[in-house]
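Dumped upload-v3.txt below, it's compact mmCIF, C-alpha atoms:
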```txt
# COMPACT_ATOMS: atom_id res chain seq x y z
CA MET A 4 155.77 62.40 118.40
CA ARG A 5 153.14 59.98 117.21
CA SER A 6 149.46 60.48 117.77
CA ARG A 7 147.52 57.29 118.05
CA LEU A 8 144.55 57.71 115.76
CA PRO A 9 143.77 54.24 114.52
CA MET A 10 140.36 55.19 113.23
CA GLY A 11 141.69 57.86 111.01
CA PRO A 12 143.28 61.25 111.15
CA ARG A 13 141.79 63.88 113.37
CA LYS A 14 142.92 67.30 114.38
CA ALA A 15 144.65 67.26 117.74
CA PHE A 16 142.70 68.84 120.60
CA ASN A 17 144.19 72.13 121.71
CA PHE A 18 144.09 72.23 125.48
CA TYR A 19 145.37 75.72 126.14
CA PRO A 20 142.50 77.86 124.79
CA LEU A 21 140.01 75.96 126.95
CA ALA A 22 142.25 76.22 129.99
CA ILE A 23 142.71 79.94 129.45
CA VAL A 24 138.96 80.54 129.08
CA ALA A 25 138.20 78.46 132.18
CA SER A 26 140.84 80.37 134.15
CA ILE A 27 139.42 83.71 133.04
CA VAL A 28 135.90 82.69 134.02
CA PHE A 29 137.18 81.52 137.38
CA ALA A 30 139.07 84.78 137.95
CA VAL A 31 136.01 86.85 137.02
CA CYS A 32 133.90 84.89 139.52
CA VAL A 33 136.41 85.54 142.28
CA VAL A 34 136.66 89.26 141.50
CA LEU A 35 132.88 89.67 141.28
CA ASN A 36 132.42 87.87 144.56
CA TYR A 37 134.96 90.13 146.26
CA THR A 38 133.48 93.28 144.69
CA THR A 39 129.97 92.37 145.78
CA TYR A 40 131.05 91.75 149.33
CA SER A 41 133.07 94.92 149.70
CA ARG A 42 130.12 97.08 148.61
CA GLU A 43 127.66 95.61 151.09
CA GLN A 44 127.54 97.92 154.04
CA LEU A 45 125.07 98.36 156.85
CA ASP A 46 123.31 101.66 157.35
CA PHE A 47 119.86 101.49 158.88
CA THR A 48 117.84 103.64 161.28
CA CYS A 49 114.82 102.20 163.04
CA ASN A 50 112.29 103.65 165.47
CA ALA A 51 109.68 101.85 167.53
CA LYS A 52 106.93 102.51 170.02
CA VAL A 53 107.21 100.46 173.17
CA ILE A 54 103.99 99.10 174.62
CA GLU A 55 103.20 97.02 177.65
CA ALA A 56 100.77 94.30 176.69
CA ASN A 57 98.64 94.64 179.80
CA ASN A 58 98.78 98.40 180.13
CA PHE A 59 98.32 100.37 176.99
CA THR A 60 97.67 103.65 178.69
CA GLN A 61 101.24 104.04 179.85
CA GLN A 62 103.21 107.06 178.89
CA LEU A 63 104.77 106.98 175.47
CA ARG A 64 108.02 105.11 175.33
CA GLU A 65 110.33 105.10 172.35
CA LEU A 66 113.09 102.82 171.24
CA SER A 67 115.52 103.61 168.44
CA LEU A 68 118.04 101.44 166.73
CA ARG A 69 120.89 102.56 164.51
CA VAL A 70 123.01 100.01 162.71
CA LYS A 71 125.97 101.26 160.74
CA SER A 72 129.15 99.77 159.42
CA PHE A 73 132.43 101.52 158.80
CA GLY A 74 134.34 99.20 156.53
CA ARG A 75 134.49 95.99 158.53
CA ASP A 76 133.52 97.62 161.82
CA VAL A 77 129.89 97.60 162.84
CA GLN A 78 128.21 99.71 165.46
CA MET A 79 124.73 99.12 166.80
CA SER A 80 123.17 101.82 168.99
CA TYR A 81 120.01 101.38 171.03
CA SER A 82 118.36 104.44 172.47
CA TYR A 83 115.53 104.08 174.96
CA ASP A 84 113.42 106.94 176.28
CA ASP A 85 110.54 106.42 178.71
CA ASN A 86 109.96 110.16 179.14
CA ILE A 87 110.56 109.83 182.84
CA ASN A 88 114.18 108.90 183.30
CA PRO A 89 117.10 110.23 181.29
CA PRO A 90 117.34 108.42 177.94
CA SER A 91 119.61 105.41 177.83
CA LEU A 92 122.01 104.74 175.03
CA VAL A 93 123.75 101.43 174.53
CA VAL A 94 126.40 101.23 171.85
CA VAL A 95 127.54 97.79 170.84
CA ASN A 96 130.61 97.28 168.69
CA GLY A 97 131.22 94.46 166.31
CA ARG A 98 132.85 93.25 163.13
CA LEU A 99 131.20 92.42 159.82
CA LEU A 100 132.22 88.86 158.95
CA ASP A 101 130.52 88.45 155.60
CA PHE A 102 127.33 89.01 153.65
CA GLU A 103 125.47 86.01 152.28
CA VAL A 104 123.87 87.11 149.08
CA SER A 105 121.68 84.04 148.73
CA THR A 106 119.88 84.72 152.03
CA MET A 107 120.53 88.48 152.25
CA THR A 108 122.11 88.00 155.63
CA TYR A 109 124.86 89.97 157.30
CA ASN A 110 126.98 87.90 159.66
CA VAL A 111 128.29 90.11 162.43
CA MET A 112 130.44 89.30 165.43
CA PHE A 113 129.65 91.59 168.31
CA THR A 114 132.51 92.08 170.70
CA GLY A 115 131.00 94.13 173.50
CA ILE A 116 129.37 97.29 174.76
CA ASP A 117 131.22 100.51 174.15
CA GLU A 118 131.34 101.95 177.66
CA GLN A 119 132.58 105.34 176.54
CA LEU A 120 129.86 105.99 174.00
CA SER A 121 127.03 104.44 175.99
CA GLN A 122 125.03 106.62 178.38
CA ASN A 123 122.97 105.89 181.47
CA ILE A 124 123.50 102.17 181.26
CA ASP A 125 124.45 101.48 184.82
CA PRO A 126 122.37 99.46 185.23
CA ILE A 127 120.83 98.73 181.81
CA SER A 128 117.08 99.16 182.06
CA PRO A 129 115.02 95.95 181.92
CA GLU A 130 113.35 97.04 178.71
CA LEU A 131 116.67 97.63 177.05
CA GLN A 132 117.99 94.35 178.28
CA ILE A 133 115.11 92.54 176.67
CA ILE A 134 115.49 94.41 173.46
CA LEU A 135 119.24 94.08 173.05
CA GLU A 136 119.64 91.91 170.02
CA ALA A 137 123.12 90.78 170.58
CA GLY A 138 122.52 88.71 173.69
CA ARG A 139 122.58 90.66 176.91
CA SER A 140 124.26 88.17 179.17
CA ALA A 141 127.08 87.49 176.77
CA LEU A 142 127.73 91.15 176.23
CA GLU A 143 127.70 91.88 179.92
CA ASP A 144 130.32 89.22 180.30
CA SER A 145 132.24 90.86 177.45
CA GLU A 146 132.15 87.79 175.32
CA GLN A 147 131.84 87.71 171.55
CA VAL A 148 128.38 87.09 170.20
CA GLU A 149 127.65 86.20 166.60
CA GLN A 150 124.53 87.72 165.14
CA GLN A 151 122.81 87.34 161.79
CA ILE A 152 120.91 90.32 160.43
CA GLN A 153 118.67 89.21 157.61
CA VAL A 154 117.06 91.60 155.14
CA LEU A 155 113.48 90.41 154.67
CA ASP A 156 112.32 93.24 152.48
CA MET A 157 114.14 96.16 150.93
CA ASP A 158 113.56 98.96 148.50
CA SER A 159 116.60 101.16 147.99
CA ASP A 160 114.66 103.65 145.88
CA LYS A 161 112.04 104.13 148.56
CA GLY A 162 114.68 104.00 151.22
CA TYR A 163 113.42 101.29 153.55
CA ALA A 164 114.26 97.79 154.68
CA VAL A 165 112.74 95.25 157.03
CA LEU A 166 115.35 93.45 159.07
CA LYS A 167 115.25 90.32 161.16
CA PHE A 168 117.75 89.73 163.91
CA ARG A 169 117.82 85.97 163.76
CA ARG A 170 119.39 85.27 167.09
CA ALA A 171 116.52 86.94 169.00
CA ASN A 172 113.96 86.66 166.18
CA ASN A 173 113.11 90.35 166.41
CA ILE A 174 112.01 92.21 163.31
CA TRP A 175 112.46 95.90 162.59
CA ALA A 176 111.30 98.23 159.86
CA CYS A 177 114.06 100.69 159.14
CA LYS A 178 115.04 103.55 156.94
CA ILE A 179 118.16 103.16 154.88
CA GLY A 180 120.70 105.70 156.01
CA GLY A 181 120.61 108.18 158.85
CA GLN A 182 117.52 110.05 160.09
CA MET Y 6 150.49 40.66 100.40
CA GLN Y 7 149.53 40.49 104.06
CA ILE Y 8 148.61 43.45 106.29
CA GLY Y 9 147.86 42.15 109.76
CA GLY Y 10 144.70 40.09 109.36
CA CYS Y 11 144.08 41.42 105.83
CA TRP Y 12 145.20 40.15 102.44
CA PHE Y 13 145.93 42.55 99.57
CA ASP Y 14 145.32 40.96 96.18
CA ILE Y 15 146.83 43.47 93.77
CA ASP Y 16 145.80 41.50 90.66
CA ARG Y 17 142.17 41.31 91.62
CA LYS Y 18 142.31 44.79 93.17
CA GLU Y 19 140.83 43.50 96.41
CA LEU Y 20 141.53 43.99 100.08
CA ILE Y 21 140.27 41.04 102.10
CA ASN Y 22 139.76 41.15 105.85
CA GLN Y 23 140.01 37.45 106.71
CA SER Y 24 139.06 37.85 110.37
CA LYS Y 25 135.85 39.70 109.52
CA ALA Y 26 135.27 37.87 106.21
CA LEU Y 27 134.94 41.16 104.35
CA THR Y 28 136.14 41.99 100.86
CA TRP Y 29 136.76 45.52 99.66
CA TYR Y 30 136.82 46.04 95.90
CA LEU Y 31 139.22 48.92 95.54
CA ALA Y 32 138.45 51.85 93.27
CA PRO Y 33 141.38 53.12 91.14
CA GLN Y 34 142.36 55.88 93.58
CA GLU Y 35 141.97 53.52 96.56
CA LEU Y 36 144.12 50.91 94.83
CA ALA Y 37 146.80 53.51 94.14
CA LEU Y 38 146.74 54.59 97.80
CA VAL Y 39 147.06 51.03 99.14
CA GLU Y 40 149.91 50.34 96.69
CA ILE Y 41 151.78 53.40 97.93
CA MET Y 42 151.29 52.52 101.61
CA PHE Y 43 152.36 48.92 100.97
CA ALA Y 44 155.45 50.09 99.13
CA HIS Y 45 156.43 52.20 102.10
CA GLN Y 46 155.27 49.79 104.81
CA GLY Y 47 156.92 50.53 108.13
CA ARG Y 48 157.92 54.04 107.03
CA VAL Y 49 156.16 57.38 107.26
CA VAL Y 50 154.67 58.64 104.01
CA SER Y 51 154.14 62.36 104.01
CA ILE Y 52 150.76 63.83 103.16
CA PRO Y 53 152.11 66.08 100.38
CA HIS Y 54 153.72 63.04 98.78
CA LEU Y 55 150.45 61.13 98.91
CA ILE Y 56 148.50 64.02 97.42
CA HIS Y 57 151.08 64.48 94.69
CA SER Y 58 151.01 60.76 93.87
CA LEU Y 59 147.22 60.68 93.74
CA GLN Y 60 146.60 64.05 92.15
CA TRP Y 61 145.66 62.69 88.76
CA HIS Y 62 142.90 60.70 90.52
CA GLY Y 63 141.56 64.05 91.76
CA VAL Y 64 142.45 63.39 95.40
CA ASN Y 65 142.92 66.41 97.64
CA GLU Y 66 143.71 66.49 101.37
CA ALA Y 67 140.08 66.21 102.46
CA ARG Y 68 139.49 63.27 100.14
CA LEU Y 69 142.73 61.67 101.31
CA THR Y 70 141.57 61.95 104.94
CA VAL Y 71 138.31 60.18 104.15
CA MET Y 72 140.14 57.42 102.27
CA MET Y 73 142.58 56.92 105.13
CA GLN Y 74 139.75 56.69 107.66
CA LYS Y 75 138.04 54.07 105.54
CA LEU Y 76 141.26 52.09 105.17
CA ALA Y 77 142.02 52.32 108.89
CA ARG Y 78 138.57 51.01 109.80
CA PHE Y 79 138.81 48.14 107.37
CA ILE Y 80 142.19 46.86 108.46
CA ALA Y 81 141.66 47.61 112.19
CA SER Y 82 142.52 44.73 114.49
CA ASP Y 83 141.66 43.84 118.07
CA ASP Y 84 145.38 43.47 118.74
CA GLY Y 85 146.22 47.05 118.01
CA THR Y 86 146.42 49.67 115.31
CA LEU Y 87 147.93 49.19 111.85
CA LEU Y 88 147.50 52.60 110.24
CA GLU Y 89 148.73 55.59 112.17
CA LEU Y 90 148.77 59.34 111.64
CA VAL Y 91 152.07 60.88 112.64
CA SER Y 92 151.41 64.49 113.64
CA ASP Y 93 152.44 67.00 110.97
CA GLN Y 94 154.34 64.32 109.06
CA GLY Y 95 152.17 61.75 107.40
CA TYR Y 96 150.88 58.23 107.66
CA ILE Y 97 152.57 55.01 108.51
CA LEU Y 98 151.38 51.47 107.78
CA HIS Y 99 152.85 49.17 110.36
CA ASN Y 100 154.08 45.70 109.59
CA ARG Y 101 152.13 44.30 112.48
CA PRO Y 102 149.55 45.73 114.92
CA MET Y 103 151.04 48.15 117.43
CA PRO Y 104 149.90 47.25 120.97
CA ARG Y 105 147.68 49.76 122.76
CA LYS Y 106 148.99 51.45 125.91
CA LEU Y 107 147.12 51.75 129.17
CA PHE Y 108 145.72 55.20 128.49
CA ASP Y 109 145.41 54.75 124.81
CA ASN Y 110 141.94 55.36 123.47
CA PRO Y 111 140.76 55.98 119.93
CA TYR Y 112 138.84 58.95 121.16
CA ARG Y 113 141.55 60.40 123.34
CA GLY Y 114 142.32 63.90 122.23
CA ILE Y 115 144.46 65.29 125.04
CA SER Y 116 147.25 63.99 127.16
CA VAL Y 117 146.66 62.63 130.66
CA ARG Y 118 148.53 65.57 132.19
CA HIS Y 119 146.33 68.12 130.46
CA TYR Y 120 143.24 66.13 131.32
CA LEU Y 121 144.12 66.07 135.01
CA LEU Y 122 144.91 69.79 134.95
CA LEU Y 123 141.55 70.58 133.39
CA VAL Y 124 139.69 68.36 135.83
CA THR Y 125 141.51 70.02 138.75
CA LEU Y 126 140.59 73.47 137.46
CA ILE Y 127 136.93 72.59 137.02
CA PHE Y 128 136.85 70.86 140.40
CA GLY Y 129 138.32 73.95 142.03
CA MET Y 130 135.67 76.13 140.43
CA VAL Y 131 132.88 73.83 141.61
CA ILE Y 132 134.23 73.89 145.17
CA PHE Y 133 134.51 77.67 145.08
CA VAL Y 134 130.95 78.14 143.85
CA TYR Y 135 129.58 75.57 146.28
CA SER Y 136 131.32 77.26 149.20
CA LYS Y 137 129.40 80.43 148.43
CA LEU Y 138 126.05 78.67 148.54
CA ASP Y 139 124.28 78.39 151.83
CA ASN Y 140 121.43 76.44 153.33
CA HIS Y 141 120.30 79.00 155.82
CA ALA Y 142 116.74 80.03 156.47
CA SER Y 143 114.76 81.52 153.66
CA VAL Y 144 113.49 85.12 153.72
CA LEU Y 145 109.96 83.81 153.43
CA PRO Y 146 107.74 84.11 156.51
CA LYS Y 147 106.80 81.02 158.48
CA PHE Y 148 103.16 81.89 158.11
CA GLU Y 149 101.44 84.21 155.70
CA ARG Y 150 97.83 84.91 155.01
CA GLN Y 151 95.64 87.53 153.46
CA VAL Y 152 93.03 88.91 155.81
CA ILE Y 153 89.84 90.34 154.37
CA THR Y 154 88.02 92.78 156.60
CA GLU Y 155 84.28 93.37 156.69
CA ASN Y 156 84.85 96.31 154.35
CA LYS Y 157 86.60 94.00 151.85
CA GLN Y 158 89.96 95.46 152.63
CA VAL Y 159 92.85 93.02 151.99
CA ILE Y 160 95.70 92.94 154.48
CA ASP Y 161 98.87 90.87 154.14
CA PHE Y 162 99.66 89.17 157.42
CA ASN Y 163 103.04 87.50 158.04
CA VAL Y 164 104.69 85.71 160.92
CA TYR Y 165 108.46 85.25 161.08
CA GLY Y 166 110.31 82.74 163.18
CA THR Y 167 110.67 79.04 163.69
CA GLU Y 168 107.86 76.51 163.67
CA GLN Y 169 108.08 76.34 167.45
CA GLN Y 170 107.65 80.09 167.81
CA LYS Y 171 104.73 80.00 165.44
CA GLN Y 172 103.12 77.34 167.63
CA LEU Y 173 103.66 79.51 170.70
CA LEU Y 174 101.91 82.33 168.95
CA SER Y 175 99.07 80.29 167.54
CA ASN Y 176 96.40 81.36 170.07
CA ARG Y 177 97.46 84.96 169.87
CA LEU Y 178 97.52 84.86 166.08
CA ASP Y 179 94.03 83.43 165.83
CA GLY Y 180 92.79 86.21 168.05
CA PHE Y 181 94.70 88.82 166.10
CA LEU Y 182 93.38 87.64 162.76
CA GLY Y 183 89.84 87.46 164.04
CA LEU Y 184 90.00 91.01 165.38
CA LEU Y 185 91.49 92.32 162.14
CA GLN Y 186 88.59 90.89 160.19
CA GLN Y 187 86.21 92.79 162.46
CA CYS Y 188 87.93 96.13 161.97
CA ASP Y 189 86.01 98.71 160.01
CA THR Y 190 89.22 99.96 158.51
CA VAL Y 191 92.75 98.71 158.93
CA ASN Y 192 95.22 101.54 158.60
CA TRP Y 193 97.95 99.37 157.11
CA ASP Y 194 98.49 97.28 154.00
CA SER Y 195 100.70 94.69 155.60
CA ILE Y 196 101.34 93.49 159.14
CA SER Y 197 104.38 91.39 160.02
CA THR Y 198 104.93 89.87 163.43
CA SER Y 199 107.43 87.83 165.35
CA LEU Y 200 107.88 86.63 168.90
CA SER Y 201 111.29 87.16 170.40
CA ALA Y 202 113.30 84.06 171.20
CA ASP Y 203 112.86 84.62 174.94
CA THR Y 204 109.07 85.14 174.39
CA GLN Y 205 109.25 88.42 176.28
CA MET Y 206 108.52 90.68 173.35
CA PHE Y 207 106.06 90.62 170.51
CA ASN Y 208 107.23 92.53 167.44
CA ILE Y 209 104.80 94.13 165.03
CA VAL Y 210 105.90 95.81 161.80
CA LEU Y 211 103.24 97.85 160.02
CA LYS Y 212 103.62 98.94 156.44
CA ARG Y 213 101.48 100.90 154.02
CA ASP Y 214 101.82 102.67 150.74
CA ASN Y 215 100.77 106.29 150.93
CA GLU Y 216 100.64 107.89 147.49
CA GLY Y 217 103.86 106.26 146.37
CA GLU Y 218 105.62 106.76 149.69
CA VAL Y 219 106.09 103.82 152.02
CA GLU Y 220 105.20 104.34 155.66
CA LEU Y 221 106.52 101.99 158.29
CA GLN Y 222 105.96 101.64 161.99
CA ASN Y 223 107.42 99.36 164.64
CA LEU Y 224 105.59 98.27 167.75
CA LYS Y 225 107.44 96.47 170.50
CA VAL Y 226 104.96 94.84 172.83
CA PHE Y 227 106.30 93.53 176.11
CA THR Y 228 104.47 90.37 176.99
CA ARG Y 229 106.20 89.69 180.24
CA ALA Y 230 102.85 90.16 181.97
CA GLN Y 231 101.39 86.72 181.79
CA LYS Y 232 98.22 87.75 180.05
CA PRO Y 233 98.16 85.30 177.16
CA ASN Y 234 95.83 87.11 174.87
CA PHE Y 235 96.10 90.80 175.46
CA MET Y 236 94.65 91.92 172.15
CA SER Y 237 91.23 93.42 171.90
CA MET Y 238 89.53 95.73 169.49
CA ARG Y 239 90.29 98.60 171.87
CA TRP Y 240 93.92 97.54 171.91
CA LEU Y 241 94.11 97.50 168.14
CA LYS Y 242 92.61 100.97 167.92
CA GLU Y 243 94.92 102.39 170.53
CA ALA Y 244 97.90 100.85 168.75
CA GLY Y 245 96.80 102.56 165.55
CA ILE Y 246 96.28 99.31 163.67
CA CYS Y 247 92.53 99.70 163.28
CA ALA Y 248 90.83 103.00 162.70
```

In structure tokens, what does this structure look like?
Amino acid sequence: MRSRLPMGPRKAFNFYPLAIVASIVFAVCVVLNYTTYSREQLDFTCNAKVIEANNFTQQLRELSLRVKSFGRDVQMSYSYDDNINPPSLVVVNGRLLDFEVSTMTYNVMFTGIDEQLSQNIDPISPELQIILEAGRSALEDSEQVEQQIQVLDMDSDKGYAVLKFRRANNIWACKIGGQ
Amino acid sequence: MQIGGCWFDIDRKELINQSKALTWYLAPQELALVEIMFAHQGRVVSIPHLIHSLQWHGVNEARLTVMMQKLARFIASDDGTLLELVSDQGYILHNRPMPRKLFDNPYRGISVRHYLLLVTLIFGMVIFVYSKLDNHASVLPKFERQVITENKQVIDFNVYGTEQQKQLLSNRLDGFLGLLQQCDTVNWDSISTSLSADTQMFNIVLKRDNEGEVELQNLKVFTRAQKPNFMSMRWLKEAGICA
């Protein structure tokens, strides 16, 4: 086979080493991306005091939020206690779609309220309805609701994170892990 | 003797490029090389044979390469190539210029097939990386300010949400900031706020560093009562924001 080198002899370019290196780099990127995603799990516990803007002297009311993933399954539990009525517990189930590293955002698809695990939710109290992050009307209609949970601030060593639920624009300061 | 557009005068030891009006006065080893290539014109002359024939001129493979490059440049024609390297065999001096093919290029080092394969691989990598990038909202707050109280205490104040929500909060925020500045002591190092999308709830996240430990507190303020500006110094004290 003749190589056309009219300007003089030159060593032929060897394509295969470059192709192999590029393929290895590509494969490493894919594996790293998969590894990063599979290790990102949700496990946050958040507590809040509930206040009425026009009536601060009300009895103490507490709202708790627990967000935890089990593999691809996500469970979000809201507990509301007004110290008068029995505490309410709403458990919402969902599926973790992906985790965007660049924006530190979990994309979750919530599929509906878990009737068996939830307690005293018939009817859901107005306060809990307002607070439900996943979209109360959609969940009551048993539709799927996509939610983005963005990590605004996090310190794993100190065990805390500040989350923003983008759909409702509510922010929560949470502990990492269970209580 | 004629080589394309060049004339080889063996007696005068000159190679004349008539089209470029250039004359090359050949050194002894260059003359010997041209004589060999002329003698084998149209046939491949192996590199070992060339080195063996020119060895008493002190020509090795590196020197031979340089001489061939010089010769190829001198006799090069616009119509095609005259001197060619045949891979792993040797050199050939054509009788007339060999026409260039469509993808022929003096600087081409790889075949079209390999080139397309490499481009496809790189393109695939770029698409893969780009698909992982996103243009979603930043983690930065929509509004951030440092509040300095009368006691020179510095508090980080942040508002999260869209520009529209920030506008909705503007009156409340001004009041909030003004009250914070009047506090004797603010119990927290940083205060983050947001208004829920349905404007029914005002979120407050309080954070402070307590001897290396981070303390956090959430306040969920229901604003469904239509009082636009519910905050007062008494309210801040009862909420535990001001001492």

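Taking atom CA of Trp12 of chain Y and atom CA of Asn65 of chain Y as the two end points, the separation is 26.8 Å.
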
- request: In Å, rounded to a single decimal, give me how far atom CA of Val152 of chain Y is from atom CA of Gln186 of chain Y.
  value: 6.5 Å

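You will find atom CA of Ser195 of chain Y at 13.5 Å from atom CA of Leu155 of chain A.
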
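In this comparison, which uses only C-alpha atoms, the residue of Y:Arg17, Y:Arg150, Y:His99, Y:His62 approaching chain A most closely is Y:His99.
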
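The shortest atom-to-atom distance to Asp189 of chain Y, with only C-alpha atoms taken into account, belongs to Y:Ala248 out of Y:Lys212, Y:Gln151, Y:Asp203, Y:Ala248.
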
field: Distance query 7 Å from (107.6, 104.3, 176.4) using only C-alpha atoms, result as JSON, numbers by chain
entry: {"A": [52, 53, 54, 62, 63, 64, 65, 84, 85, 86]}

field: Ile15 of chain Y environment, 12 Å, only C-alpha atoms, sequence neighbours closer than 6 positions dropped, as a list in words
entry: Met6, Gln7, Ile21, Trp29, Tyr30, Leu31, Ala32, Pro33, Glu35, Leu36, Ala37, Leu38, Val39, Glu40, Ile41 and Phe43 of chain Y

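Considering all atoms listed in the file, the residue among A:Val77, A:Met112, A:Ala51, A:Val104 positioned nearest to chain Y is A:Ala51.
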
message: (114.9, 106.5, 167.2) in this file's frame - what residues fall within 12 Å of it? Use only C-alpha atoms and give the answer as a ChimeraX atom specification.
response: /A:47-53,64-70,80-84,90-92,175-178,181-182 /Y:222-223

Can you sort out the box for segment 171-184 of chain Y, edges along x, y and z, all listed atoms in, 5 Å on every side, with centre and edge lengths in Å to one decimal, as AutoDock Vina command-line options?
```
--center_x 97.3 --center_y 84.2 --center_z 166.7 --size_x 24.9 --size_y 23.7 --size_z 17.9
```

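Residue nearest Thr204 of chain Y, chosen from Y:Trp61, Y:Phe133, Y:Trp240, Y:Phe227 and counting all atoms listed in the file: Y:Phe227.
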
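Considering the residues Y:Asn100, Y:Thr228, Y:Thr70, Y:Gln158 and counting only C-alpha atoms, Ser201 of chain Y has its shortest atom-to-atom contact with Y:Thr228.
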
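Between chain Y and the residues A:Gln153, A:Gln147, A:Ser159, A:Gln122, the shortest atom-to-atom distance, using all atoms listed in the file, involves A:Gln153.
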